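Coordinates as given in my_file.cif (mmCIF, C-alpha atoms and all ligand atoms):
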data_query
loop_
_atom_site.label_atom_id
_atom_site.label_comp_id
_atom_site.auth_asym_id
_atom_site.auth_seq_id
_atom_site.Cartn_x
_atom_site.Cartn_y
_atom_site.Cartn_z
CA MET H 107 67.73 -24.84 11.37
CA THR H 108 65.32 -23.44 8.78
CA THR H 109 64.17 -19.85 8.54
CA THR H 110 60.79 -18.80 7.23
CA HIS H 111 62.55 -16.76 4.56
CA GLU H 112 64.81 -19.47 3.16
CA ALA H 113 64.99 -19.47 -0.65
CA ASP H 114 66.63 -21.86 -3.12
CA GLU H 115 70.21 -20.85 -3.95
CA ASP H 116 70.14 -18.81 -7.19
CA VAL H 117 73.50 -17.75 -8.65
CA ARG H 118 71.86 -14.89 -10.55
CA ASN H 119 71.58 -13.08 -7.22
CA ARG H 120 75.36 -12.62 -7.16
CA ASP H 121 75.05 -10.05 -9.94
CA ILE H 122 71.77 -8.30 -9.25
CA LYS H 123 71.49 -4.55 -9.66
CA ILE H 124 70.24 -2.44 -6.79
CA TYR H 125 68.47 0.92 -6.79
CA VAL H 126 70.08 3.53 -4.54
CA ASN H 127 68.50 6.98 -4.73
CA GLY H 128 67.91 6.97 -8.46
CA GLU H 129 71.06 5.06 -9.48
CA ILE H 130 70.87 1.37 -10.37
CA VAL H 131 74.20 -0.32 -9.73
CA HIS H 132 75.75 -3.78 -9.25
CA ARG H 133 75.19 -5.08 -5.72
CA ASP H 134 78.90 -4.75 -4.90
CA ALA H 135 78.72 -1.03 -5.69
CA ALA H 136 75.43 -0.38 -3.88
CA LYS H 137 76.39 1.60 -0.79
CA VAL H 138 74.88 4.00 1.74
CA SER H 139 76.75 6.36 4.06
CA VAL H 140 77.72 5.37 7.59
CA TYR H 141 75.95 8.62 8.51
CA ASP H 142 72.69 7.32 7.08
CA ALA H 143 69.87 7.43 9.66
CA GLY H 144 68.90 3.88 8.74
CA PHE H 145 72.37 2.52 9.50
CA MET H 146 72.96 4.71 12.53
CA LEU H 147 69.56 4.48 14.26
CA GLY H 148 67.28 2.13 12.39
CA ASP H 149 65.30 5.23 11.42
CA GLY H 150 63.46 4.03 8.33
CA ILE H 151 60.50 2.06 6.97
CA TRP H 152 60.49 -0.90 4.59
CA GLU H 153 58.13 -3.14 2.63
CA GLY H 154 58.55 -6.69 1.31
CA MET H 155 56.76 -7.42 -1.97
CA ARG H 156 56.61 -10.33 -4.42
CA LEU H 157 56.52 -10.47 -8.18
CA TYR H 158 54.16 -13.05 -9.67
CA ASP H 159 54.11 -13.33 -13.46
CA GLY H 160 55.06 -9.70 -14.03
CA VAL H 161 52.77 -8.25 -11.34
CA TRP H 162 53.75 -6.99 -7.88
CA ALA H 163 51.10 -8.71 -5.79
CA PHE H 164 48.83 -6.43 -3.77
CA PHE H 165 50.99 -3.39 -4.58
CA ASP H 166 48.23 -0.96 -3.53
CA GLU H 167 47.92 -2.55 -0.07
CA HIS H 168 51.70 -2.47 0.40
CA MET H 169 51.85 1.18 -0.65
CA ASP H 170 48.97 2.04 1.66
CA ARG H 171 50.87 0.56 4.63
CA PHE H 172 54.18 2.08 3.52
CA PHE H 173 52.89 5.64 3.09
CA ASN H 174 50.85 5.37 6.31
CA SER H 175 53.97 4.25 8.22
CA CYS H 176 56.11 7.03 6.72
CA LYS H 177 53.46 9.59 7.64
CA ALA H 178 53.30 8.22 11.18
CA ILE H 179 57.01 8.90 11.68
CA SER H 180 57.03 12.17 9.67
CA LEU H 181 59.30 10.67 7.03
CA ASP H 182 58.78 12.48 3.73
CA VAL H 183 58.92 9.85 0.97
CA GLY H 184 59.93 12.52 -1.55
CA MET H 185 57.75 10.94 -4.24
CA ASP H 186 54.23 9.59 -4.67
CA VAL H 187 53.05 6.03 -5.26
CA GLU H 188 53.65 6.40 -9.01
CA GLY H 189 57.24 7.45 -8.27
CA ILE H 190 57.76 4.29 -6.22
CA ARG H 191 56.16 2.21 -8.97
CA ALA H 192 58.47 3.75 -11.58
CA ALA H 193 61.57 3.14 -9.40
CA MET H 194 60.53 -0.49 -8.93
CA ARG H 195 59.85 -0.93 -12.63
CA ALA H 196 63.28 0.49 -13.49
CA THR H 197 64.97 -1.87 -11.02
CA GLN H 198 62.99 -4.83 -12.34
CA GLU H 199 63.89 -4.00 -15.94
CA ALA H 200 67.57 -3.47 -15.13
CA ASN H 201 67.54 -7.00 -13.71
CA ASP H 202 65.34 -8.51 -16.43
CA MET H 203 63.08 -9.98 -13.75
CA HIS H 204 59.62 -11.43 -14.44
CA ALA H 205 58.49 -13.84 -11.70
CA ASP H 206 59.59 -15.44 -8.41
CA VAL H 207 61.23 -12.23 -7.27
CA HIS H 208 61.22 -10.72 -3.79
CA CYS H 209 61.61 -6.97 -3.35
CA ARG H 210 62.76 -5.16 -0.24
CA LEU H 211 61.93 -1.49 -0.55
CA MET H 212 63.64 0.61 2.11
CA LEU H 213 63.37 4.29 2.92
CA THR H 214 65.42 5.97 5.63
CA ARG H 215 65.56 9.54 6.89
CA GLY H 216 68.81 9.96 4.98
CA ILE H 217 72.30 11.17 5.74
CA LYS H 218 72.91 12.99 9.01
CA ASP H 219 75.28 15.89 9.66
CA LYS H 220 76.32 14.46 13.02
CA PRO H 221 76.19 10.99 14.57
CA PHE H 222 73.27 11.81 16.88
CA GLN H 223 69.59 11.01 17.12
CA HIS H 224 67.64 14.17 16.31
CA PRO H 225 65.74 13.69 13.02
CA LYS H 226 66.58 17.28 12.00
CA LEU H 227 70.22 16.19 11.69
CA SER H 228 69.20 14.36 8.50
CA THR H 229 69.54 17.15 6.00
CA THR H 230 69.97 15.48 2.61
CA GLY H 231 66.48 14.07 2.09
CA PRO H 232 65.57 10.40 2.36
CA THR H 233 67.58 7.42 1.14
CA LEU H 234 65.57 5.02 -1.04
CA VAL H 235 67.00 1.56 -1.70
CA ILE H 236 65.33 -1.23 -3.66
CA ILE H 237 66.77 -4.73 -3.54
CA MET H 238 65.18 -7.34 -5.82
CA GLU H 239 66.31 -10.94 -5.58
CA HIS H 240 65.38 -14.07 -7.49
CA SER H 241 63.60 -16.01 -4.79
CA LYS H 242 61.76 -19.30 -4.51
CA PRO H 243 60.93 -20.51 -0.99
CA VAL H 244 62.59 -23.87 -0.32
CA ASP H 245 60.25 -26.87 -0.58
CA ARG H 246 61.00 -28.16 2.90
CA LEU H 247 59.18 -25.16 4.42
CA GLN H 248 56.00 -26.78 3.09
CA THR H 249 56.82 -30.43 3.64
CA ARG H 250 58.59 -30.33 6.99
CA GLY H 251 56.96 -27.22 8.44
CA ILE H 252 58.52 -24.77 10.81
CA ARG H 253 59.40 -25.27 14.49
CA LEU H 254 58.46 -22.47 16.85
CA ALA H 255 59.42 -21.72 20.45
CA SER H 256 57.47 -19.33 22.66
CA VAL H 257 59.86 -16.73 24.01
CA PRO H 258 60.06 -14.22 26.90
CA GLN H 259 60.38 -11.22 24.53
CA VAL H 260 56.84 -9.81 24.01
CA ARG H 261 55.21 -7.60 21.41
CA GLY H 262 54.99 -4.00 22.59
CA LEU H 263 52.08 -1.70 23.24
CA PRO H 264 51.28 0.73 20.43
CA HIS H 265 52.31 3.74 22.50
CA SER H 266 55.91 2.56 22.83
CA GLN H 267 56.92 1.46 19.32
CA ASP H 268 53.79 0.45 17.46
CA PRO H 269 54.33 -3.09 16.10
CA LYS H 270 52.50 -1.97 12.96
CA LEU H 271 55.53 0.12 12.00
CA ASN H 272 57.69 -1.91 9.63
CA SER H 273 60.72 -0.04 10.92
CA HIS H 274 64.34 -0.68 10.06
CA SER H 275 64.90 -1.22 13.76
CA LYS H 276 63.78 -4.81 14.31
CA LEU H 277 65.59 -5.41 17.60
CA ASN H 278 62.45 -6.50 19.42
CA CYS H 279 61.90 -9.23 16.82
CA ILE H 280 65.60 -10.08 16.55
CA ILE H 281 65.89 -10.63 20.32
CA ALA H 282 62.85 -12.93 20.10
CA CYS H 283 64.38 -14.80 17.18
CA LEU H 284 67.65 -15.30 19.09
CA GLN H 285 65.71 -16.63 22.08
CA ALA H 286 63.91 -19.12 19.82
CA GLU H 287 67.17 -20.21 18.25
CA GLN H 288 68.68 -20.75 21.68
CA ALA H 289 65.67 -22.94 22.47
CA GLY H 290 66.42 -25.02 19.36
CA ALA H 291 63.57 -23.68 17.20
CA ASP H 292 63.46 -21.93 13.82
CA GLU H 293 61.39 -18.90 14.74
CA ALA H 294 59.88 -17.25 17.82
CA LEU H 295 56.25 -17.34 18.85
CA MET H 296 55.68 -14.02 20.60
CA LEU H 297 53.00 -13.23 23.17
CA ASP H 298 51.28 -9.91 23.74
CA PRO H 299 51.66 -7.92 27.00
CA HIS H 300 48.72 -9.91 28.51
CA GLY H 301 50.19 -13.31 27.70
CA PHE H 302 48.00 -14.12 24.70
CA VAL H 303 49.58 -15.62 21.60
CA ASN H 304 50.25 -12.87 19.09
CA THR H 305 52.65 -13.41 16.18
CA THR H 306 56.05 -14.75 15.26
CA ASN H 307 59.09 -12.52 14.99
CA ALA H 308 58.75 -12.24 11.19
CA CYS H 309 55.29 -13.55 10.20
CA ASN H 310 51.68 -13.48 11.34
CA PHE H 311 50.35 -16.55 13.13
CA PHE H 312 47.16 -18.60 12.76
CA ILE H 313 45.83 -21.77 14.35
CA VAL H 314 43.06 -24.10 13.23
CA ARG H 315 40.90 -25.59 16.00
CA ARG H 316 37.96 -27.87 15.45
CA GLY H 317 37.25 -26.45 11.99
CA GLU H 318 37.76 -22.79 12.98
CA VAL H 319 40.63 -20.51 11.99
CA TRP H 320 41.93 -18.25 14.77
CA THR H 321 44.42 -15.43 14.73
CA SER H 322 45.24 -12.72 17.25
CA THR H 323 43.11 -9.58 17.55
CA GLY H 324 45.72 -7.78 15.46
CA ASP H 325 46.46 -5.29 18.22
CA TYR H 326 50.14 -6.08 18.73
CA CYS H 327 51.26 -7.54 15.41
CA MET H 328 52.21 -6.32 11.96
CA ASN H 329 49.10 -5.51 9.94
CA GLY H 330 50.20 -8.13 7.43
CA VAL H 331 48.87 -7.93 3.90
CA THR H 332 48.84 -11.74 3.70
CA ARG H 333 47.14 -11.97 7.11
CA GLN H 334 44.28 -9.81 5.84
CA LYS H 335 44.03 -11.76 2.57
CA VAL H 336 43.72 -15.02 4.52
CA ILE H 337 40.99 -13.57 6.75
CA ASP H 338 39.13 -12.23 3.69
CA LEU H 339 39.45 -15.55 1.84
CA CYS H 340 38.13 -17.49 4.83
CA ARG H 341 35.14 -15.13 5.09
CA ALA H 342 34.42 -15.35 1.36
CA ASN H 343 34.61 -19.14 1.35
CA GLY H 344 32.62 -20.08 4.41
CA ILE H 345 35.59 -20.97 6.62
CA PRO H 346 34.86 -19.69 10.15
CA VAL H 347 37.60 -17.21 11.08
CA PHE H 348 38.06 -15.29 14.32
CA GLU H 349 40.44 -12.52 15.39
CA LYS H 350 40.56 -13.17 19.12
CA ASN H 351 42.64 -13.68 22.22
CA PHE H 352 43.90 -17.20 22.82
CA SER H 353 46.69 -18.65 24.87
CA LEU H 354 49.43 -21.24 24.49
CA TYR H 355 46.97 -23.74 25.98
CA GLU H 356 44.72 -23.60 22.90
CA THR H 357 47.70 -23.27 20.60
CA TYR H 358 49.38 -26.50 21.74
CA GLY H 359 46.06 -28.30 21.28
CA ALA H 360 45.41 -26.90 17.78
CA ASP H 361 44.79 -29.24 14.86
CA GLU H 362 46.91 -27.11 12.53
CA ALA H 363 48.95 -23.92 12.69
CA PHE H 364 50.48 -21.80 9.98
CA LEU H 365 52.32 -18.53 9.44
CA THR H 366 51.54 -15.88 6.85
CA GLY H 367 53.81 -13.45 5.05
CA THR H 368 54.50 -12.09 1.60
CA PHE H 369 57.56 -14.33 1.14
CA GLY H 370 56.18 -17.71 2.13
CA ALA H 371 52.41 -17.10 1.69
CA GLN H 372 51.27 -19.74 4.23
CA THR H 373 53.95 -21.81 5.97
CA PRO H 374 52.80 -24.78 8.06
CA VAL H 375 53.95 -25.06 11.66
CA ALA H 376 55.15 -28.52 12.68
CA GLU H 377 56.02 -28.00 16.35
CA ILE H 378 55.67 -25.44 19.11
CA ASP H 379 57.86 -25.75 22.21
CA GLY H 380 58.64 -29.33 21.19
CA LYS H 381 54.95 -30.29 20.99
CA VAL H 382 53.82 -31.65 17.64
CA ILE H 383 50.86 -29.71 16.22
CA GLY H 384 48.00 -31.87 14.98
CA SER H 385 48.35 -34.99 12.85
CA GLY H 386 50.38 -33.28 10.14
CA GLU H 387 47.57 -33.66 7.59
CA ARG H 388 46.60 -29.95 7.59
CA PRO H 389 43.47 -30.00 5.37
CA ILE H 390 42.40 -26.44 6.20
CA THR H 391 45.89 -25.01 5.72
CA ARG H 392 46.00 -26.74 2.33
CA ARG H 393 42.59 -25.35 1.41
CA ILE H 394 43.64 -21.81 2.36
CA GLN H 395 46.86 -22.22 0.39
CA ALA H 396 44.87 -23.23 -2.68
CA LEU H 397 42.48 -20.30 -2.23
CA TYR H 398 45.41 -17.89 -1.85
CA LYS H 399 47.09 -19.26 -4.99
CA GLU H 400 43.89 -18.77 -6.92
CA ALA H 401 43.44 -15.24 -5.50
CA ILE H 402 46.96 -14.33 -6.68
CA ARG H 403 46.26 -15.83 -10.11
CA ALA H 404 43.02 -13.82 -10.44
CA HIS H 405 44.71 -10.63 -9.17
CA VAL H 406 47.56 -11.02 -11.68
CA ALA H 407 45.14 -11.78 -14.53
CA ALA H 408 43.00 -8.73 -13.67
CA LEU H 409 46.01 -6.39 -13.64
CA LYS H 410 47.47 -7.79 -16.86
CA GLY H 411 44.09 -7.24 -18.52
C1 LIG H 501 56.89 -8.77 12.04
C2 LIG H 501 56.19 -9.10 10.77
N1 LIG H 501 55.05 -9.83 10.83
C3 LIG H 501 54.39 -10.16 9.71
C4 LIG H 501 54.84 -9.77 8.46
C5 LIG H 501 54.07 -10.22 7.24
O1 LIG H 501 53.43 -9.17 6.59
P1 LIG H 501 53.01 -9.31 5.07
O2 LIG H 501 51.97 -10.37 4.98
O3 LIG H 501 52.47 -7.97 4.72
O4 LIG H 501 54.23 -9.67 4.29
C6 LIG H 501 56.00 -8.99 8.35
C7 LIG H 501 56.47 -8.54 7.05
O5 LIG H 501 56.93 -7.45 6.85
C8 LIG H 501 56.70 -8.66 9.54
O6 LIG H 501 57.81 -7.91 9.51
#
Reformat the file's structure so that it appears as structure tokens.
Ligand SMILES: Cc1ncc(COP(=O)(O)O)c(C=O)c1O
Amino acid sequence: MTTTHEADEDVRNRDIKIYVNGEIVHRDAAKVSVYDAGFMLGDGIWEGMRLYDGVWAFFDEHMDRFFNSCKAISLDVGMDVEGIRAAMRATQEANDMHADVHCRLMLTRGIKDKPFQHPKLSTTGPTLVIIMEHSKPVDRLQTRGIRLASVPQVRGLPHSQDPKLNSHSKLNCIIACLQAEQAGADEALMLDPHGFVNTTNACNFFIVRRGEVWTSTGDYCMNGVTRQKVIDLCRANGIPVFEKNFSLYETYGADEAFLTGTFGAQTPVAEIDGKVIGSGERPITRRIQALYKEAIRAHVAALKG
């Protein structure tokens, strides 16, 4: 079994320092209360970001999504974007980190007076935690590709729990992931409520068919920063790209398929439901990967000045 977020073992991660509400402490000392709304109810929002050569890639886009999500659930961040940037910089410096780092920024509604649901029971203000780990995706994600299984668990409609909320509660995705694992795959391919192919449990999903790049309409999946970058790069480089409904029928018959996410950038898909995808040559995936690498390089260079 491989997961899409598998990184090379790095012993430095045993002694990383973690930010917990303004304190930066050794990971063994980094604790939150059992009364924390994140622990008790999954009441919180998070972001995953990556450090390339001293620059947090697409920080503005991540902050836009983060603050939008917090606003949507009336979670007061307690600081502005510059406050988050300063907290991340402090964590990065405490760990002497420069590149190949993954950050999980988490904000919950904070400690509750009583072990019940009402948001007003959180009276202490939010809990902000920043975990930064040394992280290089394992090579075999690129060479072998990932195996997906379509699963019965579907993505929800936006008026139940909007899939655009990067909430601490990931049970919908976790159930899907378990179903995929039980089917012998690495990750779940999830459908939307109408039966169209939508996303995986942890990444956005693309197929390549007859020279065209297809991804879902975006209605039931995470509004992935990497997803949008890939769409923009295709448009800027003359690769036909469509956000549209398509089914497993077209997916099984695709020439290539890949996942997108901040951690793995673009991860090739080898198999879906035991059916091998394409010839394994993946020329368009490779082209998009090269374009993305170059976009990151230019972004980093522009921000470093
Ligand atoms: C369910 C899901 N899909 C896709 C993504 C990828 O989004 P991004 O490209 O912004 O990392 C994430 C990451 O948070 C996710 O949780």
If you count only C-alpha atoms, which residues fall within 7 Å of segment 283-285 of chain H, apart from same-chain ones fewer than 4 positions away, as a ChimeraX atom specification? /H:257,279,289,293-294,307
Find the residue from H:Tyr326, H:Thr230, H:Met155, H:Thr197 that sits nearest to Ser266 of chain H; use only C-alpha atoms when measuring.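 Comparing H:Tyr326, H:Thr230, H:Met155, H:Thr197 against Ser266 of chain H, the winner is H:Tyr326.
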Exercise answer, 10 Å around ligand LIG 501 (chain H) with only C-alpha atoms and all ligand atoms, as a PyMOL selection string: chain H and resi 152-156+164+167-168+171+210+261+269-274+276+278-280+305-311+326-336+365-372
Take the residues that were just selected and, keeping C-alpha atoms, output them as a compact mmCIF listing (two decimals), in the frame of the given file.
# COMPACT_ATOMS: atom_id res chain seq x y z
CA TRP H 152 60.49 -0.90 4.59
CA GLU H 153 58.13 -3.14 2.63
CA GLY H 154 58.55 -6.69 1.31
CA MET H 155 56.76 -7.42 -1.97
CA ARG H 156 56.61 -10.33 -4.42
CA PHE H 164 48.83 -6.43 -3.77
CA GLU H 167 47.92 -2.55 -0.07
CA HIS H 168 51.70 -2.47 0.40
CA ARG H 171 50.87 0.56 4.63
CA ARG H 210 62.76 -5.16 -0.24
CA ARG H 261 55.21 -7.60 21.41
CA PRO H 269 54.33 -3.09 16.10
CA LYS H 270 52.50 -1.97 12.96
CA LEU H 271 55.53 0.12 12.00
CA ASN H 272 57.69 -1.91 9.63
CA SER H 273 60.72 -0.04 10.92
CA HIS H 274 64.34 -0.68 10.06
CA LYS H 276 63.78 -4.81 14.31
CA ASN H 278 62.45 -6.50 19.42
CA CYS H 279 61.90 -9.23 16.82
CA ILE H 280 65.60 -10.08 16.55
CA THR H 305 52.65 -13.41 16.18
CA THR H 306 56.05 -14.75 15.26
CA ASN H 307 59.09 -12.52 14.99
CA ALA H 308 58.75 -12.24 11.19
CA CYS H 309 55.29 -13.55 10.20
CA ASN H 310 51.68 -13.48 11.34
CA PHE H 311 50.35 -16.55 13.13
CA TYR H 326 50.14 -6.08 18.73
CA CYS H 327 51.26 -7.54 15.41
CA MET H 328 52.21 -6.32 11.96
CA ASN H 329 49.10 -5.51 9.94
CA GLY H 330 50.20 -8.13 7.43
CA VAL H 331 48.87 -7.93 3.90
CA THR H 332 48.84 -11.74 3.70
CA ARG H 333 47.14 -11.97 7.11
CA GLN H 334 44.28 -9.81 5.84
CA LYS H 335 44.03 -11.76 2.57
CA VAL H 336 43.72 -15.02 4.52
CA LEU H 365 52.32 -18.53 9.44
CA THR H 366 51.54 -15.88 6.85
CA GLY H 367 53.81 -13.45 5.05
CA THR H 368 54.50 -12.09 1.60
CA PHE H 369 57.56 -14.33 1.14
CA GLY H 370 56.18 -17.71 2.13
CA ALA H 371 52.41 -17.10 1.69
CA GLN H 372 51.27 -19.74 4.23
What is the atom CA of Glu287 of chain H-atom CA of Tyr355 of chain H distance in Å, reported with one decimal? 21.9 Å
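Distances from H:Pro264, H:Ala401, H:Ala196, H:Arg250 to Val131 of chain H were compared using only C-alpha atoms, and the smallest one belongs to H:Ala196.
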Rounded to one decimal place, report the atom CA of Ile122 of chain H-atom CA of Leu213 of chain H distance in Å.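 Distance between the two atoms: 19.4 Å.
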Given the choices H:Ile217, H:Ile237, H:Ala178, H:Ile252, which gets closest to Asn119 of chain H if the distance is worked out from all atoms listed in the file?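 Residue with the minimum atom-to-atom distance to Asn119 of chain H: H:Ile237.
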What's around Val347 of chain H at 10 Å? Count only C-alpha atoms, leave out sequence neighbours fewer than 2 positions away in its own chain, and write the answer as a PyMOL selection string. chain H and resi 312-314+317-321+336-341+344-345+349-350
Nearest-residue call for Asp121 of chain H, choices H:Asp219, H:Glu239, H:Glu199, H:Asp206, using all atoms listed in the file: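 Ranked by minimum distance to Asp121 of chain H, first place goes to H:Glu239.
Picture a line from atom CA of Lys381 of chain H to atom CA of Ala282 of chain H; it runs 19.1 Å.
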With distances taken over all atoms listed in the file, which residue among H:Ala143, H:Met203, H:Ile390, H:Ala407 lies nearest Thr229 of chain H?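 For Thr229 of chain H, the nearest of the given residues is H:Ala143.
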Spatial sel., origin (75.4, 3.2, 4.6), limit 12 Å, all atoms listed in the file, listed as a PyMOL selection string: chain H and resi 126+135-148+214-218+233-235
Deliver the residues from the most recent selection as a file, using C-alpha atoms, as a PDB file, in the coordinates of the input.
ATOM      1  CA  VAL H 126      70.080   3.530  -4.540  1.00  0.00           C
ATOM      2  CA  ALA H 135      78.720  -1.030  -5.690  1.00  0.00           C
ATOM      3  CA  ALA H 136      75.430  -0.380  -3.880  1.00  0.00           C
ATOM      4  CA  LYS H 137      76.390   1.600  -0.790  1.00  0.00           C
ATOM      5  CA  VAL H 138      74.880   4.000   1.740  1.00  0.00           C
ATOM      6  CA  SER H 139      76.750   6.360   4.060  1.00  0.00           C
ATOM      7  CA  VAL H 140      77.720   5.370   7.590  1.00  0.00           C
ATOM      8  CA  TYR H 141      75.950   8.620   8.510  1.00  0.00           C
ATOM      9  CA  ASP H 142      72.690   7.320   7.080  1.00  0.00           C
ATOM     10  CA  ALA H 143      69.870   7.430   9.660  1.00  0.00           C
ATOM     11  CA  GLY H 144      68.900   3.880   8.740  1.00  0.00           C
ATOM     12  CA  PHE H 145      72.370   2.520   9.500  1.00  0.00           C
ATOM     13  CA  MET H 146      72.960   4.710  12.530  1.00  0.00           C
ATOM     14  CA  LEU H 147      69.560   4.480  14.260  1.00  0.00           C
ATOM     15  CA  GLY H 148      67.280   2.130  12.390  1.00  0.00           C
ATOM     16  CA  THR H 214      65.420   5.970   5.630  1.00  0.00           C
ATOM     17  CA  ARG H 215      65.560   9.540   6.890  1.00  0.00           C
ATOM     18  CA  GLY H 216      68.810   9.960   4.980  1.00  0.00           C
ATOM     19  CA  ILE H 217      72.300  11.170   5.740  1.00  0.00           C
ATOM     20  CA  LYS H 218      72.910  12.990   9.010  1.00  0.00           C
ATOM     21  CA  THR H 233      67.580   7.420   1.140  1.00  0.00           C
ATOM     22  CA  LEU H 234      65.570   5.020  -1.040  1.00  0.00           C
ATOM     23  CA  VAL H 235      67.000   1.560  -1.700  1.00  0.00           C
TER      24      VAL H 235
END
Between H:Ala192, H:Leu254, H:Ala113, H:Leu354, which is the closest to Gly380 of chain H once you count all atoms listed in the file?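 Closest to Gly380 of chain H of all the choices is H:Leu254.
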What's around Ile378 of chain H at 9 Å? Count only C-alpha atoms, leave out sequence neighbours fewer than 6 positions away in its own chain, and write the answer as an MDAnalysis selection string. chainID H and resid 252:256 291 295 357:358
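Using only C-alpha atoms, the contacts of Ser385 of chain H at a cut-off of 9 Å, with sequence neighbours closer than 2 positions omitted, comprise Asp361, Glu362, Val382, Ile383, Glu387 and Arg388 of chain H.
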Report, as JSON, the centre and edge lengths in Å (one decimal) of the axis-aligned box enclosing every listed atom of segment 333-351 of chain H, padded by 3 Å on each side.
{"center_x": 39.9, "center_y": -15.4, "center_z": 11.8, "size_x": 20.5, "size_y": 17.2, "size_z": 26.9}
Please return as a ChimeraX atom specification every residue within 9 Å of (63.6, -23.2, -6.0), taking into account all atoms listed in the file and the file's own coordinates. /H:113-116,241-245
